[in-house]
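Asker: Have a look at the structure that comes next, please.
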Amino acid sequence: MTRVLTGIQPSGALHIGNYFGAIKQMTDLQDSSDLFIFIPNYHALTSLKDGQALKNNTLDAAITLLSLGIDPNKATFYVQSDIKEVLELYWILSGYTPMGLLERAHSYKDKVAKGIAANHSLFSYPVLMAADILLYDANVVPVGKDQIQHVEITRDIAIKFNNEHGEIFTLPDFKVDENVATVPGLDGAKMSKSYGNTIDIFNDEKSLKKTVGKIITDSTPLEEPKEFSTCNVYALCKLFLDEAGQKELQQRYKQGGEGYGHFKMYLKELIWDYFKEAREKREYYLNNINEVYDILENGASKARKIAQNKMQIIRDAAGIYR
Ligand code: ADP
Ligand code: TRP
C-alpha cells in the first residue's frame, strides 16, 4: 500500500478552512493508504520559544486531530519528538545538503523578507522535514502549495545520498489537492489565522453565532431575490451541503423574502451540527488525557520500530560505526 505521510503544525485553534482544506482529506486517506500523520513539534521550535505553550499546543493538536476523525487504529499517529532517530537523520542529511539548495527556499526567503529574525533552525527547516519523510520511506506527501518546494528539496537530498550509497531512500512525491477550494473567511478573502477572518471549529455556540454574524454581505433588502454565487454565506454553507441541499438553498436566495440574517442563522446551525461529534470527542479526550498519551505512545512505538530499522541501514551506508 502507498505510504502517505504528512505533518500538521501544532499552531493553535483550527478553523473550518483548515478542516476542509487539509484535515478532511487526511481522514479520507486513512482508509485508502498507509497513512503516517504526526505533529512536527520540533519544527514549531523555529518560531515558538514559550515552552509551556508549545507543550500545550502539541497536546491540543493531538486532541483536535483525534476529535476530527484521525483514527489511531488506521493511521500511524505520533508526535515528531517521540522518535529521536529523526534528529540523527537530520544531521546525517545535512552533510548531503548543498547550501544553495536551502538558500533558494521560498519559505525561508519570505520569512526573512517579512523581517522575521532568521535563526539557524529556520534555515535548516527543510532538512528536518526531509528527515521526517525519508526516515519512513514515504511515497506521497500531501501538502499545501507553500510546501511543495520542501518536498522537492527532500528529493534532491535523497538523490545526493543515493548517488553516494545506492538506493537507500525512497523518492517521495508531493500531492496538492487541486479539487480543494479555498475556503473564504468572514471578509471573503482566504480564511486564515493571519488575516483574523476565521471561523474556529471549537467555538461555543454563542461565539459561533457572533462570528457568523460578522460575515460580510451586500445590502440587498430582505424581500428581494439575492445572488448566491457571490455570497460568502452561501460559499460557506455549500461546504456542508450535498447537491440537493445546495439547490434548495439556491432557491431560497432566488426567491427573496429572506434576509442574510436568516442565511447566517442557517449556516451557524450547519456548522454547529456538523462538528457535534467532534466537540463531544474533544470534551471526552480533555477529560481523559491519559488516553491521549497512550494513543500517542502507541503510535510512536509503531513509528519507532520502522525508524530504528531504517536508521541502521542509513548509519551503515553513511559510515557511522555501530
Ligand atoms: P492559516 O492560513 O490559517 O495559518 P495554515 O497555513 O496553518 O493556515 O494551513 C494549514 C492547512 O490548512 C494547510 O494545508 C492549508 O492549505 C489549509 N488551509 C488553510 N486555510 C485554508 C483555506 N482558507 N482554505 C482551504 N485550505 C486552507
Ligand atoms: N512544514 C510543514 C508545514 O509547515 C509541516 C511538516 C513538517 C511536514 N514535516 C513535514 C509536512 C513532513 C509534510 C511532511 O505545514
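Letters A, B, ... mark the chains of the C-alpha cells in the order given; residue numbers begin at 1 per chain; ligand numbers begin at 1, in order shown.
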Around ligand 2, at most 8 Å away and counting only C-alpha atoms and all ligand atoms, which residues are there? Put them as a list in words, please.

Answerer: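 Answer in the requested format: Leu5, Thr6, Gly7, Ile8, Gln9, Ile39, Pro40, His43, Tyr125, Pro126, Leu128, Met129, Ala130, Asp132, Ile133, Val141, Pro142, Val143, Gly144, Gln147, His150 and Val151 of chain A.
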
Asker: Within segment 5-121 of chain A, find each residue whose DSSP state, derived from the backbone, is strand (DSSP E or B), and express the selection as a list in words.

Answerer: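 Answer for segment 5-121 of chain A, restricted to strand (DSSP E or B): Leu5, Thr6, Gly7, His15, Asp34, Leu35, Phe36, Ile37, Phe38, Ile39, Thr76, Phe77, Tyr78 and Val79 of chain A.
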
Asker: Using all heavy atoms, can you write the selected residues to a file as a CSV table (one decimal), in the first residue's frame?

Answerer:
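Once written, selection_38.csv looks like this:
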```csv
chain,number,residue,atom,x,y,z
A,5,LEU,N,2.5,10.3,4.0
A,5,LEU,CA,3.0,10.9,5.3
A,5,LEU,C,2.8,12.4,5.3
A,5,LEU,O,3.1,13.1,4.3
A,5,LEU,CB,4.5,10.5,5.5
A,5,LEU,CG,5.2,11.1,6.7
A,5,LEU,CD1,6.1,10.1,7.3
A,5,LEU,CD2,5.9,12.4,6.4
A,6,THR,N,2.3,12.9,6.4
A,6,THR,CA,2.2,14.4,6.5
A,6,THR,C,2.3,14.8,7.9
A,6,THR,O,2.0,14.1,8.9
A,6,THR,CB,1.0,14.9,5.8
A,6,THR,OG1,1.2,16.3,5.5
A,6,THR,CG2,-0.3,14.8,6.6
A,7,GLY,N,2.8,16.1,8.1
A,7,GLY,CA,2.9,16.7,9.4
A,7,GLY,C,1.9,17.8,9.5
A,7,GLY,O,1.8,18.6,8.6
A,15,HIS,N,-9.4,26.3,12.2
A,15,HIS,CA,-10.6,26.9,11.6
A,15,HIS,C,-11.2,26.0,10.5
A,15,HIS,O,-10.6,25.0,10.1
A,15,HIS,CB,-10.4,28.3,11.1
A,15,HIS,CG,-9.2,28.5,10.2
A,15,HIS,ND1,-9.2,28.0,8.9
A,15,HIS,CD2,-7.9,29.0,10.3
A,15,HIS,CE1,-8.1,28.3,8.3
A,15,HIS,NE2,-7.3,28.9,9.1
A,34,ASP,N,-1.6,3.7,3.6
A,34,ASP,CA,-0.9,3.5,4.9
A,34,ASP,C,-0.5,4.9,5.3
A,34,ASP,O,0.6,5.4,5.0
A,34,ASP,CB,0.3,2.6,4.5
A,34,ASP,CG,1.2,2.4,5.7
A,34,ASP,OD1,0.8,2.6,6.9
A,34,ASP,OD2,2.4,2.0,5.5
A,35,LEU,N,-1.3,5.5,6.1
A,35,LEU,CA,-1.2,7.0,6.5
A,35,LEU,C,-0.3,7.1,7.7
A,35,LEU,O,-0.6,6.5,8.8
A,35,LEU,CB,-2.5,7.6,6.7
A,35,LEU,CG,-2.5,9.1,7.1
A,35,LEU,CD1,-2.0,10.0,5.9
A,35,LEU,CD2,-3.9,9.6,7.5
A,36,PHE,N,0.7,8.0,7.6
A,36,PHE,CA,1.5,8.4,8.8
A,36,PHE,C,1.2,9.9,9.0
A,36,PHE,O,1.4,10.7,8.1
A,36,PHE,CB,3.0,8.2,8.5
A,36,PHE,CG,3.5,6.9,8.7
A,36,PHE,CD1,2.9,5.8,8.2
A,36,PHE,CD2,4.7,6.6,9.5
A,36,PHE,CE1,3.3,4.5,8.4
A,36,PHE,CE2,5.1,5.4,9.8
A,36,PHE,CZ,4.5,4.3,9.2
A,37,ILE,N,0.7,10.2,10.1
A,37,ILE,CA,0.4,11.6,10.4
A,37,ILE,C,1.0,12.0,11.8
A,37,ILE,O,0.8,11.2,12.7
A,37,ILE,CB,-1.1,11.8,10.3
A,37,ILE,CG1,-1.5,13.3,10.5
A,37,ILE,CG2,-1.9,10.9,11.2
A,37,ILE,CD1,-2.8,13.6,9.9
A,38,PHE,N,1.7,13.1,11.8
A,38,PHE,CA,2.4,13.4,13.0
A,38,PHE,C,2.4,14.9,13.3
A,38,PHE,O,2.1,15.7,12.4
A,38,PHE,CB,3.9,12.9,12.9
A,38,PHE,CG,4.7,13.6,12.0
A,38,PHE,CD1,5.6,14.7,12.4
A,38,PHE,CD2,4.7,13.3,10.6
A,38,PHE,CE1,6.4,15.4,11.5
A,38,PHE,CE2,5.5,14.0,9.7
A,38,PHE,CZ,6.3,15.0,10.2
A,39,ILE,N,2.7,15.3,14.5
A,39,ILE,CA,2.7,16.7,14.9
A,39,ILE,C,4.2,17.1,15.0
A,39,ILE,O,4.9,16.6,15.8
A,39,ILE,CB,2.0,16.8,16.3
A,39,ILE,CG1,0.6,16.3,16.1
A,39,ILE,CG2,2.1,18.3,16.8
A,39,ILE,CD1,-0.1,16.1,17.4
A,76,THR,N,-0.9,5.7,11.5
A,76,THR,CA,0.1,5.8,12.5
A,76,THR,C,0.3,7.2,12.9
A,76,THR,O,0.7,8.1,12.1
A,76,THR,CB,1.5,5.3,11.9
A,76,THR,OG1,1.2,3.9,11.4
A,76,THR,CG2,2.6,5.2,12.9
A,77,PHE,N,-0.2,7.5,14.1
A,77,PHE,CA,-0.3,8.9,14.6
A,77,PHE,C,0.6,9.1,15.7
A,77,PHE,O,0.6,8.4,16.8
A,77,PHE,CB,-1.8,9.0,15.0
A,77,PHE,CG,-2.1,10.4,15.5
A,77,PHE,CD1,-1.8,11.5,14.8
A,77,PHE,CD2,-2.8,10.5,16.7
A,77,PHE,CE1,-2.1,12.8,15.3
A,77,PHE,CE2,-3.2,11.8,17.2
A,77,PHE,CZ,-2.8,12.9,16.5
A,78,TYR,N,1.5,10.1,15.6
A,78,TYR,CA,2.6,10.3,16.6
A,78,TYR,C,3.0,11.7,16.7
A,78,TYR,O,2.7,12.5,15.8
A,78,TYR,CB,3.7,9.3,16.3
A,78,TYR,CG,4.4,9.5,15.0
A,78,TYR,CD1,5.5,10.3,14.8
A,78,TYR,CD2,3.8,8.9,13.8
A,78,TYR,CE1,6.1,10.4,13.5
A,78,TYR,CE2,4.3,9.1,12.6
A,78,TYR,CZ,5.5,9.9,12.4
A,78,TYR,OH,6.0,10.0,11.2
A,79,VAL,N,3.8,12.0,17.7
A,79,VAL,CA,4.4,13.3,17.8
A,79,VAL,C,5.9,13.2,17.4
A,79,VAL,O,6.6,12.2,17.8
A,79,VAL,CB,4.4,13.8,19.3
A,79,VAL,CG1,5.1,15.1,19.5
A,79,VAL,CG2,2.9,14.0,19.8
```

Asker: With a cut-off of 8 Å, could you pull out the residues of chain A touching ligand 1 and give me the nearest pair of atoms for each, distance in Å to one decimal, using only C-alpha atoms and all ligand atoms, ordered by chain and ascending number, as JSON lines?

Answerer:
```
{"residue": "A:Ile8", "atom": "CA", "partner": "ligand 1", "partner_atom_place_in_ligand_line": "10 (C)", "distance": 7.2}
{"residue": "A:Gln9", "atom": "CA", "partner": "ligand 1", "partner_atom_place_in_ligand_line": "7 (O)", "distance": 6.8}
{"residue": "A:Ser11", "atom": "CA", "partner": "ligand 1", "partner_atom_place_in_ligand_line": "7 (O)", "distance": 6.9}
{"residue": "A:Leu14", "atom": "CA", "partner": "ligand 1", "partner_atom_place_in_ligand_line": "3 (O)", "distance": 7.5}
{"residue": "A:His15", "atom": "CA", "partner": "ligand 1", "partner_atom_place_in_ligand_line": "3 (O)", "distance": 7.1}
{"residue": "A:Ile16", "atom": "CA", "partner": "ligand 1", "partner_atom_place_in_ligand_line": "22 (C)", "distance": 7.6}
{"residue": "A:Gly17", "atom": "CA", "partner": "ligand 1", "partner_atom_place_in_ligand_line": "22 (C)", "distance": 3.8}
{"residue": "A:Asn18", "atom": "CA", "partner": "ligand 1", "partner_atom_place_in_ligand_line": "12 (O)", "distance": 3.6}
{"residue": "A:Tyr19", "atom": "CA", "partner": "ligand 1", "partner_atom_place_in_ligand_line": "12 (O)", "distance": 6.8}
{"residue": "A:Phe20", "atom": "CA", "partner": "ligand 1", "partner_atom_place_in_ligand_line": "25 (C)", "distance": 6.1}
{"residue": "A:Gly21", "atom": "CA", "partner": "ligand 1", "partner_atom_place_in_ligand_line": "26 (N)", "distance": 3.2}
{"residue": "A:Ala22", "atom": "CA", "partner": "ligand 1", "partner_atom_place_in_ligand_line": "14 (O)", "distance": 4.6}
{"residue": "A:Ile23", "atom": "CA", "partner": "ligand 1", "partner_atom_place_in_ligand_line": "12 (O)", "distance": 7.5}
{"residue": "A:Val143", "atom": "CA", "partner": "ligand 1", "partner_atom_place_in_ligand_line": "14 (O)", "distance": 5.8}
{"residue": "A:Gly144", "atom": "CA", "partner": "ligand 1", "partner_atom_place_in_ligand_line": "16 (O)", "distance": 4.2}
{"residue": "A:Lys145", "atom": "CA", "partner": "ligand 1", "partner_atom_place_in_ligand_line": "16 (O)", "distance": 6.9}
{"residue": "A:Val180", "atom": "CA", "partner": "ligand 1", "partner_atom_place_in_ligand_line": "25 (C)", "distance": 6.7}
{"residue": "A:Ala181", "atom": "CA", "partner": "ligand 1", "partner_atom_place_in_ligand_line": "25 (C)", "distance": 6.1}
{"residue": "A:Thr182", "atom": "CA", "partner": "ligand 1", "partner_atom_place_in_ligand_line": "24 (N)", "distance": 3.6}
{"residue": "A:Val183", "atom": "CA", "partner": "ligand 1", "partner_atom_place_in_ligand_line": "24 (N)", "distance": 3.8}
{"residue": "A:Pro184", "atom": "CA", "partner": "ligand 1", "partner_atom_place_in_ligand_line": "23 (N)", "distance": 5.5}
{"residue": "A:Gly185", "atom": "CA", "partner": "ligand 1", "partner_atom_place_in_ligand_line": "23 (N)", "distance": 6.7}
{"residue": "A:Lys190", "atom": "CA", "partner": "ligand 1", "partner_atom_place_in_ligand_line": "23 (N)", "distance": 4.5}
{"residue": "A:Met191", "atom": "CA", "partner": "ligand 1", "partner_atom_place_in_ligand_line": "23 (N)", "distance": 3.7}
{"residue": "A:Ser192", "atom": "CA", "partner": "ligand 1", "partner_atom_place_in_ligand_line": "3 (O)", "distance": 3.4}
{"residue": "A:Lys193", "atom": "CA", "partner": "ligand 1", "partner_atom_place_in_ligand_line": "3 (O)", "distance": 3.7}
{"residue": "A:Ser194", "atom": "CA", "partner": "ligand 1", "partner_atom_place_in_ligand_line": "4 (O)", "distance": 5.8}
{"residue": "A:Tyr195", "atom": "CA", "partner": "ligand 1", "partner_atom_place_in_ligand_line": "3 (O)", "distance": 7.9}
{"residue": "A:Thr198", "atom": "CA", "partner": "ligand 1", "partner_atom_place_in_ligand_line": "3 (O)", "distance": 7.6}
```

Asker: Let me see the file: selected residues, N, CA and C atoms, as a CSV table (one decimal), in the first residue's frame.

Answerer:
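So the final result, stored in part.csv, reads:
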```csv
chain,number,residue,atom,x,y,z
A,8,ILE,N,1.2,17.9,10.6
A,8,ILE,CA,0.3,19.1,10.9
A,8,ILE,C,0.8,19.9,12.0
A,9,GLN,N,1.1,21.1,11.7
A,9,GLN,CA,1.7,22.0,12.7
A,9,GLN,C,0.8,22.2,14.0
A,11,SER,N,-0.3,24.6,15.7
A,11,SER,CA,-0.3,26.1,15.8
A,11,SER,C,-1.6,26.7,16.3
A,14,LEU,N,-7.9,25.5,15.3
A,14,LEU,CA,-8.1,25.2,13.9
A,14,LEU,C,-9.4,25.9,13.4
A,15,HIS,N,-9.4,26.3,12.2
A,15,HIS,CA,-10.6,26.9,11.6
A,15,HIS,C,-11.2,26.0,10.5
A,16,ILE,N,-12.4,26.4,10.0
A,16,ILE,CA,-13.0,25.5,9.1
A,16,ILE,C,-12.3,25.4,7.7
A,17,GLY,N,-11.5,26.4,7.4
A,17,GLY,CA,-10.6,26.4,6.3
A,17,GLY,C,-9.6,25.2,6.4
A,18,ASN,N,-9.0,25.1,7.6
A,18,ASN,CA,-8.0,24.0,7.9
A,18,ASN,C,-8.7,22.7,7.7
A,19,TYR,N,-9.9,22.6,8.2
A,19,TYR,CA,-10.6,21.4,8.2
A,19,TYR,C,-10.9,20.9,6.7
A,20,PHE,N,-11.6,21.8,6.0
A,20,PHE,CA,-11.9,21.4,4.6
A,20,PHE,C,-10.7,21.4,3.7
A,21,GLY,N,-9.7,22.2,4.0
A,21,GLY,CA,-8.5,22.3,3.2
A,21,GLY,C,-7.5,21.2,3.5
A,22,ALA,N,-7.5,20.6,4.6
A,22,ALA,CA,-6.4,19.6,5.0
A,22,ALA,C,-6.9,18.4,5.8
A,23,ILE,N,-7.6,18.7,6.9
A,23,ILE,CA,-7.8,17.6,7.8
A,23,ILE,C,-8.8,16.5,7.2
A,143,VAL,N,0.6,18.1,0.8
A,143,VAL,CA,0.9,19.4,1.3
A,143,VAL,C,0.1,20.5,0.7
A,144,GLY,N,0.2,21.6,1.4
A,144,GLY,CA,-0.4,22.9,0.7
A,144,GLY,C,0.7,23.4,-0.2
A,145,LYS,N,0.3,24.3,-1.1
A,145,LYS,CA,1.2,24.8,-2.2
A,145,LYS,C,2.5,25.3,-1.7
A,180,VAL,N,-9.5,20.9,-3.9
A,180,VAL,CA,-9.9,21.6,-2.7
A,180,VAL,C,-10.0,23.1,-2.9
A,181,ALA,N,-11.2,23.6,-2.8
A,181,ALA,CA,-11.4,25.0,-3.0
A,181,ALA,C,-10.9,25.8,-1.8
A,182,THR,N,-10.4,27.0,-2.0
A,182,THR,CA,-10.0,27.8,-0.9
A,182,THR,C,-11.3,28.3,-0.1
A,183,VAL,N,-11.3,28.0,1.1
A,183,VAL,CA,-12.5,28.4,2.0
A,183,VAL,C,-12.4,29.9,2.3
A,184,PRO,N,-13.4,30.7,2.0
A,184,PRO,CA,-13.3,32.1,2.2
A,184,PRO,C,-13.6,32.4,3.7
A,185,GLY,N,-13.0,33.5,4.2
A,185,GLY,CA,-13.2,33.9,5.5
A,185,GLY,C,-14.3,34.9,5.7
A,190,LYS,N,-9.2,34.6,1.6
A,190,LYS,CA,-8.9,33.3,2.1
A,190,LYS,C,-9.0,33.3,3.6
A,191,MET,N,-9.7,32.3,4.1
A,191,MET,CA,-9.8,32.2,5.6
A,191,MET,C,-8.4,31.8,6.1
A,192,SER,N,-7.9,32.7,7.0
A,192,SER,CA,-6.5,32.4,7.5
A,192,SER,C,-6.3,33.0,8.9
A,193,LYS,N,-5.6,32.3,9.8
A,193,LYS,CA,-5.3,32.9,11.1
A,193,LYS,C,-4.7,34.2,11.0
A,194,SER,N,-3.8,34.4,10.0
A,194,SER,CA,-3.0,35.6,9.9
A,194,SER,C,-3.9,36.8,9.4
A,195,TYR,N,-5.1,36.5,8.9
A,195,TYR,CA,-6.0,37.6,8.5
A,195,TYR,C,-7.0,37.9,9.5
A,198,THR,N,-11.3,34.2,10.6
A,198,THR,CA,-11.6,32.8,10.7
A,198,THR,C,-12.9,32.5,11.5
```

Asker: Have a look at atom CA of Gly319 of chain A and atom CA of Val140 of chain A and let me know their distance in Å, one decimal.

Answerer: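 Interatomic distance, atom CA of Gly319 of chain A to atom CA of Val140 of chain A: 28.3 Å.
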
Asker: Apply DSSP to the backbone of this structure and, from segment 52-239 of chain A, keep only the residues in helix (DSSP H, G or I); write these as a PyMOL selection string.

Answerer: chain A and resi 52-67+80-82+85-94+99-103+106-113+120-134+145-165+193-195+205-213+232-238

Asker: Determine the nearest neighbour of Met26 of chain A from the options A:Lys74, A:Leu45, A:Ile157, A:Pro10, counting only C-alpha atoms.

Answerer: A:Lys74

Asker: Which residues are close to segment 238-251 of chain A, i.e. within 10 Å by only C-alpha atoms, leaving aside same-chain residues fewer than 3 positions away? Reply as a list in words.

Answerer: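 Listed by chain and then number, they are Ile16, Phe20, Ala181, Val183, Pro225, Lys226, Glu227, Phe228, Ser229, Asn232, Val233, Tyr234, Ala235, Lys254, Gln255, Gly256, Phe263, Tyr266, Leu267, Leu270, Ile271, Asp273 and Tyr274 of chain A.
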
Asker: Kindly export the residues of the current selection with N, CA and C atoms, as an mmCIF file, in the first residue's frame.

Answerer:
```
data_model
loop_
_atom_site.group_PDB
_atom_site.id
_atom_site.type_symbol
_atom_site.label_atom_id
_atom_site.label_comp_id
_atom_site.auth_asym_id
_atom_site.auth_seq_id
_atom_site.Cartn_x
_atom_site.Cartn_y
_atom_site.Cartn_z
ATOM 1 N N ILE A 16 -12.380 26.388 10.024
ATOM 2 C CA ILE A 16 -13.026 25.477 9.079
ATOM 3 C C ILE A 16 -12.287 25.428 7.737
ATOM 4 N N PHE A 20 -11.588 21.779 5.968
ATOM 5 C CA PHE A 20 -11.943 21.377 4.605
ATOM 6 C C PHE A 20 -10.733 21.389 3.675
ATOM 7 N N ALA A 181 -11.200 23.582 -2.767
ATOM 8 C CA ALA A 181 -11.356 25.016 -2.996
ATOM 9 C C ALA A 181 -10.852 25.770 -1.771
ATOM 10 N N VAL A 183 -11.301 28.037 1.139
ATOM 11 C CA VAL A 183 -12.459 28.412 1.958
ATOM 12 C C VAL A 183 -12.361 29.910 2.269
ATOM 13 N N PRO A 225 -34.843 39.174 -4.327
ATOM 14 C CA PRO A 225 -34.015 37.997 -4.646
ATOM 15 C C PRO A 225 -32.539 38.320 -4.419
ATOM 16 N N LYS A 226 -31.785 37.297 -4.083
ATOM 17 C CA LYS A 226 -30.354 37.525 -3.812
ATOM 18 C C LYS A 226 -29.489 36.614 -4.666
ATOM 19 N N GLU A 227 -28.253 37.079 -4.911
ATOM 20 C CA GLU A 227 -27.319 36.307 -5.736
ATOM 21 C C GLU A 227 -26.520 35.368 -4.829
ATOM 22 N N PHE A 228 -26.688 34.062 -5.037
ATOM 23 C CA PHE A 228 -25.973 33.129 -4.156
ATOM 24 C C PHE A 228 -24.513 32.967 -4.554
ATOM 25 N N SER A 229 -24.255 33.099 -5.884
ATOM 26 C CA SER A 229 -22.930 32.692 -6.374
ATOM 27 C C SER A 229 -21.804 33.605 -5.892
ATOM 28 N N ASN A 232 -20.693 35.200 0.399
ATOM 29 C CA ASN A 232 -19.794 34.476 1.319
ATOM 30 C C ASN A 232 -20.546 33.481 2.186
ATOM 31 N N VAL A 233 -21.760 33.860 2.586
ATOM 32 C CA VAL A 233 -22.534 32.975 3.454
ATOM 33 C C VAL A 233 -22.870 31.696 2.682
ATOM 34 N N TYR A 234 -23.275 31.876 1.416
ATOM 35 C CA TYR A 234 -23.592 30.699 0.592
ATOM 36 C C TYR A 234 -22.350 29.823 0.406
ATOM 37 N N ALA A 235 -21.211 30.462 0.086
ATOM 38 C CA ALA A 235 -19.972 29.704 -0.164
ATOM 39 C C ALA A 235 -19.630 28.840 1.042
ATOM 40 N N LYS A 254 -32.896 32.868 -4.475
ATOM 41 C CA LYS A 254 -33.546 33.435 -5.661
ATOM 42 C C LYS A 254 -34.936 33.971 -5.355
ATOM 43 N N GLN A 255 -35.586 33.309 -4.411
ATOM 44 C CA GLN A 255 -36.966 33.618 -4.098
ATOM 45 C C GLN A 255 -37.182 34.988 -3.474
ATOM 46 N N GLY A 256 -36.186 35.446 -2.709
ATOM 47 C CA GLY A 256 -36.389 36.652 -1.907
ATOM 48 C C GLY A 256 -37.257 36.336 -0.692
ATOM 49 N N PHE A 263 -29.948 33.458 6.492
ATOM 50 C CA PHE A 263 -28.954 32.543 5.912
ATOM 51 C C PHE A 263 -27.782 32.327 6.869
ATOM 52 N N TYR A 266 -28.850 29.888 9.408
ATOM 53 C CA TYR A 266 -28.808 28.547 8.813
ATOM 54 C C TYR A 266 -27.363 28.022 8.801
ATOM 55 N N LEU A 267 -26.429 28.889 8.412
ATOM 56 C CA LEU A 267 -25.013 28.498 8.375
ATOM 57 C C LEU A 267 -24.535 28.105 9.774
ATOM 58 N N LEU A 270 -25.682 24.721 10.524
ATOM 59 C CA LEU A 270 -24.958 23.700 9.756
ATOM 60 C C LEU A 270 -23.605 23.400 10.408
ATOM 61 N N ILE A 271 -22.889 24.466 10.770
ATOM 62 C CA ILE A 271 -21.562 24.285 11.378
ATOM 63 C C ILE A 271 -21.712 23.574 12.727
ATOM 64 N N ASP A 273 -24.057 21.625 13.889
ATOM 65 C CA ASP A 273 -24.437 20.211 13.776
ATOM 66 C C ASP A 273 -23.293 19.357 13.228
ATOM 67 N N TYR A 274 -22.605 19.893 12.236
ATOM 68 C CA TYR A 274 -21.548 19.116 11.568
ATOM 69 C C TYR A 274 -20.466 18.699 12.558
#
```

Asker: Restricting the calculation to only C-alpha atoms, which member of A:His106, A:Lys209, A:Lys302, A:Arg155 is positioned closest to Glu269 of chain A?

Answerer: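 Closest to Glu269 of chain A of all the choices is A:Lys209.
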
Asker: Using only C-alpha atoms, pick whichever of A:Thr2, A:Gln312, A:Gln149, A:Asn298 has the shortest atom-to-atom distance to Asp82 of chain A.

Answerer: A:Asn298

Asker: With only C-alpha atoms as the atoms that count, which of A:Lys210, A:Ser67, A:Ile199, A:Ser33 lies nearest to Glu280 of chain A?

Answerer: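 Checking each of A:Lys210, A:Ser67, A:Ile199, A:Ser33 against Glu280 of chain A, counting only C-alpha atoms, the winner is A:Ser67.
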
Asker: Using only C-alpha atoms, find the one residue out of A:Leu54, A:Ala13, A:Lys214, A:Asn309 that sits nearest to Asn197 of chain A.

Answerer: A:Lys214

Asker: Find the residues near Gly95 of chain A: any atom within 10 Å, counting only C-alpha atoms, skip ones fewer than 4 places away on the same chain, and give them as a PyMOL selection string.

Answerer: chain A and resi 90-91+99+157+160-161

Asker: Go ahead and write the residues just picked, N, CA, C and O atoms, as a PDB file, in the first residue's frame.

Answerer:
```
ATOM      1  N   TYR A  90      18.526  13.931  10.523  1.00  0.00           N
ATOM      2  CA  TYR A  90      18.630  15.350  10.163  1.00  0.00           C
ATOM      3  C   TYR A  90      20.106  15.743  10.042  1.00  0.00           C
ATOM      4  O   TYR A  90      20.529  16.394   9.075  1.00  0.00           O
ATOM      5  N   TRP A  91      20.911  15.332  10.978  1.00  0.00           N
ATOM      6  CA  TRP A  91      22.330  15.698  10.932  1.00  0.00           C
ATOM      7  C   TRP A  91      23.039  14.997   9.765  1.00  0.00           C
ATOM      8  O   TRP A  91      23.800  15.614   9.031  1.00  0.00           O
ATOM      9  N   MET A  99      24.402  24.192   0.455  1.00  0.00           N
ATOM     10  CA  MET A  99      23.891  25.468   0.983  1.00  0.00           C
ATOM     11  C   MET A  99      22.918  26.129   0.016  1.00  0.00           C
ATOM     12  O   MET A  99      21.889  26.670   0.403  1.00  0.00           O
ATOM     13  N   ILE A 157      17.904  15.991  -1.767  1.00  0.00           N
ATOM     14  CA  ILE A 157      18.809  15.476  -0.726  1.00  0.00           C
ATOM     15  C   ILE A 157      18.892  13.947  -0.832  1.00  0.00           C
ATOM     16  O   ILE A 157      19.974  13.361  -0.768  1.00  0.00           O
ATOM     17  N   LYS A 160      21.124  12.936  -3.695  1.00  0.00           N
ATOM     18  CA  LYS A 160      22.548  13.121  -3.340  1.00  0.00           C
ATOM     19  C   LYS A 160      23.054  11.926  -2.523  1.00  0.00           C
ATOM     20  O   LYS A 160      24.135  11.408  -2.761  1.00  0.00           O
ATOM     21  N   PHE A 161      22.247  11.531  -1.553  1.00  0.00           N
ATOM     22  CA  PHE A 161      22.648  10.419  -0.683  1.00  0.00           C
ATOM     23  C   PHE A 161      22.690   9.116  -1.483  1.00  0.00           C
ATOM     24  O   PHE A 161      23.655   8.355  -1.410  1.00  0.00           O
TER      25      PHE A 161
END
```

Asker: Nearest to Glu164 of chain A among A:Ile289, A:Pro98, A:Ala317, A:Leu135, with distances taken over only C-alpha atoms: which residue is it?

Answerer: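 Between A:Ile289, A:Pro98, A:Ala317, A:Leu135, the residue approaching Glu164 of chain A most closely is A:Ala317.
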
Asker: For the atom pair atom CA of Ala117 of chain A and atom CA of Asp60 of chain A, what is the interatomic distance in Å to one decimal place?

Answerer: 27.1 Å
